[in-house]
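Novice: My questions all concern the structure below.
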Amino acid sequence: MLIAGMALGLYVLRLSGFLLVDVRLSPAFERGLRFVPVAALAALVAAGLGATPQDAAVRAPALAAGGLLAWRFRRPWVCVLGGVGVYVLLGALYPAT
Amino acid sequence: MADNATTPSSTVTAPEATFAQGFLAMLPLWAGAIPVGIAFGVAAVSSGLGPVAAQAMSLFVFSAAAQLSVVALVAGGSPALVPLLTTVLLNVHMLLFGLAAARAARPRRGMRMLTAFFLTDGAFAVALGVGRLALPALLGAGVSMYLGWNIGTALGLLLGDTISNPRRAGVDLVAPLMFLAVLAPLLRGWPELLCALLAAGTTLCVLQWLPGGLAVLAGCLAGSLTGAALPVRGAR
């Protein structure tokens, strides 16, 4: 019952945006929608930092390194490997964090 | 004659090729999805959820954040309403993602209903990375993530607690790093940079008090409303 409720609630939520597509929107809202991808990705990266300062202390340098590599090389795998590498290295150097 | 014969077929295969692009582009994220899926499977069993219920959750709910939270809540003995509300709150930003995707692609009703099921943060980001936001790419990326997530869950249920904490290997950083890799080329000018900074800052602030989905939604709204308020390029 719990799983059915979760599945239904989440599906309705996921579908609602697709169903609202035919609603007429103001030009300002349309302009705002064009920025949703950039805003969404930035928000998701920020959420990936973690909710606590302890999490962020290790994750921020890893994400910063990944960001630099993404900007310099424009290759997703370079960004991912570099970021995870920094994270693992920091975890080994400072196990308490 | 040969041109006449090939043109229709190339038109028909275009969405399939885009689907395949989305599917393949998602594969690097499996490196994060499978270990986290394993962690979910292990946690679900140890919380008393049961293997059939855990796999059913991955098959029908398909949301890592919601599922992991629910396992913790079930283990803590929460009433059923709390996990349901948590699921909605952690995914409320999907409304905005669906709207943006549908606005860019204008899909048919059947395609909307199918794609909606597979809409996740990762699929949205990967579809953006493939090129102009296209529904087949979003669907391909979503199906790919669905497979990875369910394989991970099944492995977790099979392996039980024989594996150590996968977070130590940084697997839960793979998704944010992929998002970053997709975001970097989109930052083409100061309006995009300003939107990204405001979205990230707002998310970090809101995350201190509210669940992840609401924080991401607040960040999305802050960034996109800023974009809407900025002067239009080329306008005097």
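Each chain of the structure tokens is named A, B, ... in the order shown, its residues numbered from 1; ligands are numbered from 1 in display order.
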Per residue of chain B within 7 Å of chain A, what are the shortest atom pair and its distance in Å to one decimal, counting only C-alpha atoms, with rows by chain and residue number, as CSV?

Specialist:
```
residue,atom,partner,partner_atom,distance
B:Met57,CA,A:Ile3,CA,6.0
B:Phe60,CA,A:Ala7,CA,5.6
B:Val61,CA,A:Ala7,CA,4.4
B:Ala80,CA,A:Leu2,CA,6.5
B:Leu84,CA,A:Met6,CA,5.6
B:Thr87,CA,A:Met6,CA,6.5
B:Val88,CA,A:Leu10,CA,6.3
B:Val92,CA,A:Leu13,CA,6.8
B:Met94,CA,A:Arg14,CA,5.4
B:Leu95,CA,A:Gly17,CA,4.4
B:Leu96,CA,A:Gly17,CA,6.0
B:Phe97,CA,A:Gly17,CA,7.0
B:Gly98,CA,A:Gly17,CA,4.2
B:Leu99,CA,A:Gly17,CA,4.0
B:Ala100,CA,A:Leu33,CA,6.1
B:Ala102,CA,A:Phe18,CA,5.3
B:Arg103,CA,A:Val21,CA,5.8
B:Arg112,CA,A:Phe18,CA,6.0
B:Met113,CA,A:Leu15,CA,6.5
B:Ala116,CA,A:Leu15,CA,5.0
B:Phe117,CA,A:Tyr11,CA,5.9
B:Leu119,CA,A:Arg14,CA,6.6
B:Ala125,CA,A:Leu41,CA,6.8
B:Ala169,CA,A:Val88,CA,6.1
B:Gly170,CA,A:Val84,CA,5.6
B:Leu173,CA,A:Val84,CA,6.7
B:Val174,CA,A:Val80,CA,6.0
B:Pro176,CA,A:Val45,CA,4.9
B:Leu177,CA,A:Val80,CA,5.4
B:Met178,CA,A:Pro76,CA,6.2
B:Phe179,CA,A:Leu41,CA,5.8
B:Leu180,CA,A:Gly67,CA,6.2
B:Ala181,CA,A:Pro76,CA,5.1
B:Leu183,CA,A:Leu41,CA,6.1
B:Ala184,CA,A:Trp71,CA,5.7
B:Leu186,CA,A:Val38,CA,6.8
B:Glu192,CA,A:Val38,CA,6.7
B:Cys195,CA,A:Ala39,CA,5.9
B:Ala196,CA,A:Ala39,CA,5.1
B:Ala199,CA,A:Ala39,CA,5.3
B:Ala200,CA,A:Ala43,CA,4.7
B:Thr203,CA,A:Ala43,CA,5.6
B:Leu204,CA,A:Ala46,CA,6.1
B:Leu207,CA,A:Ala51,CA,6.1
B:Gln208,CA,A:Ala51,CA,6.2
B:Gly212,CA,A:Ala47,CA,6.7
B:Val216,CA,A:Ala43,CA,5.3
B:Gly219,CA,A:Ala43,CA,5.3
B:Cys220,CA,A:Ala39,CA,4.9
B:Gly223,CA,A:Ala39,CA,4.9
B:Ser224,CA,A:Gly32,CA,4.6
B:Leu225,CA,A:Gly32,CA,5.4
B:Gly227,CA,A:Gly32,CA,5.4
B:Ala228,CA,A:Gly32,CA,4.1
```

Novice: Determine, counting only C-alpha atoms, which protein, DNA and RNA residues have an atom within 10 Å of an atom of B:Leu89; residues of the same chain fewer than 3 positions away are not included. Present the result as a PyMOL selection string.

Specialist: (chain A and resi 10) or (chain B and resi 66+83-86+92-93+210-215+217)

Novice: In Å to one decimal, how far is atom CA of B:Arg109 from atom CA of B:Leu138?

Specialist: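 Between atom CA of B:Leu138 and atom CA of B:Arg109 the gap works out to 15.4 Å.
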
Novice: Which is closer to B:Ala222 than all the others in B:Leu198, B:Leu73, B:Val206, B:Ala134, using only C-alpha atoms?

Specialist: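 The shortest atom-to-atom distance to B:Ala222 comes from B:Leu198.
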
Novice: Can you list, as an MDAnalysis selection string, every residue of stretch 1-95 of chain A that DSSP puts in helix (DSSP H, G or I)?

Specialist: chainID A and resid 2:22 27:34 36:47 53:73 76:93

Novice: Pick the closest to B:Leu27 from B:Ala53, B:Ala123, B:Ala14, B:Leu194: which is it, counting only C-alpha atoms?

Specialist: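 Smallest separation from B:Leu27 among the options: B:Ala123.
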
Novice: Distance atom CA of B:Gly201-atom CA of A:Pro53, one decimal place?

Specialist: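 Interatomic distance, atom CA of B:Gly201 to atom CA of A:Pro53: 14.6 Å.
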
Novice: For atom CA of B:Trp209 and atom CA of B:Ile34, quote the distance in Å rounded to one decimal.

Specialist: 29.4 Å
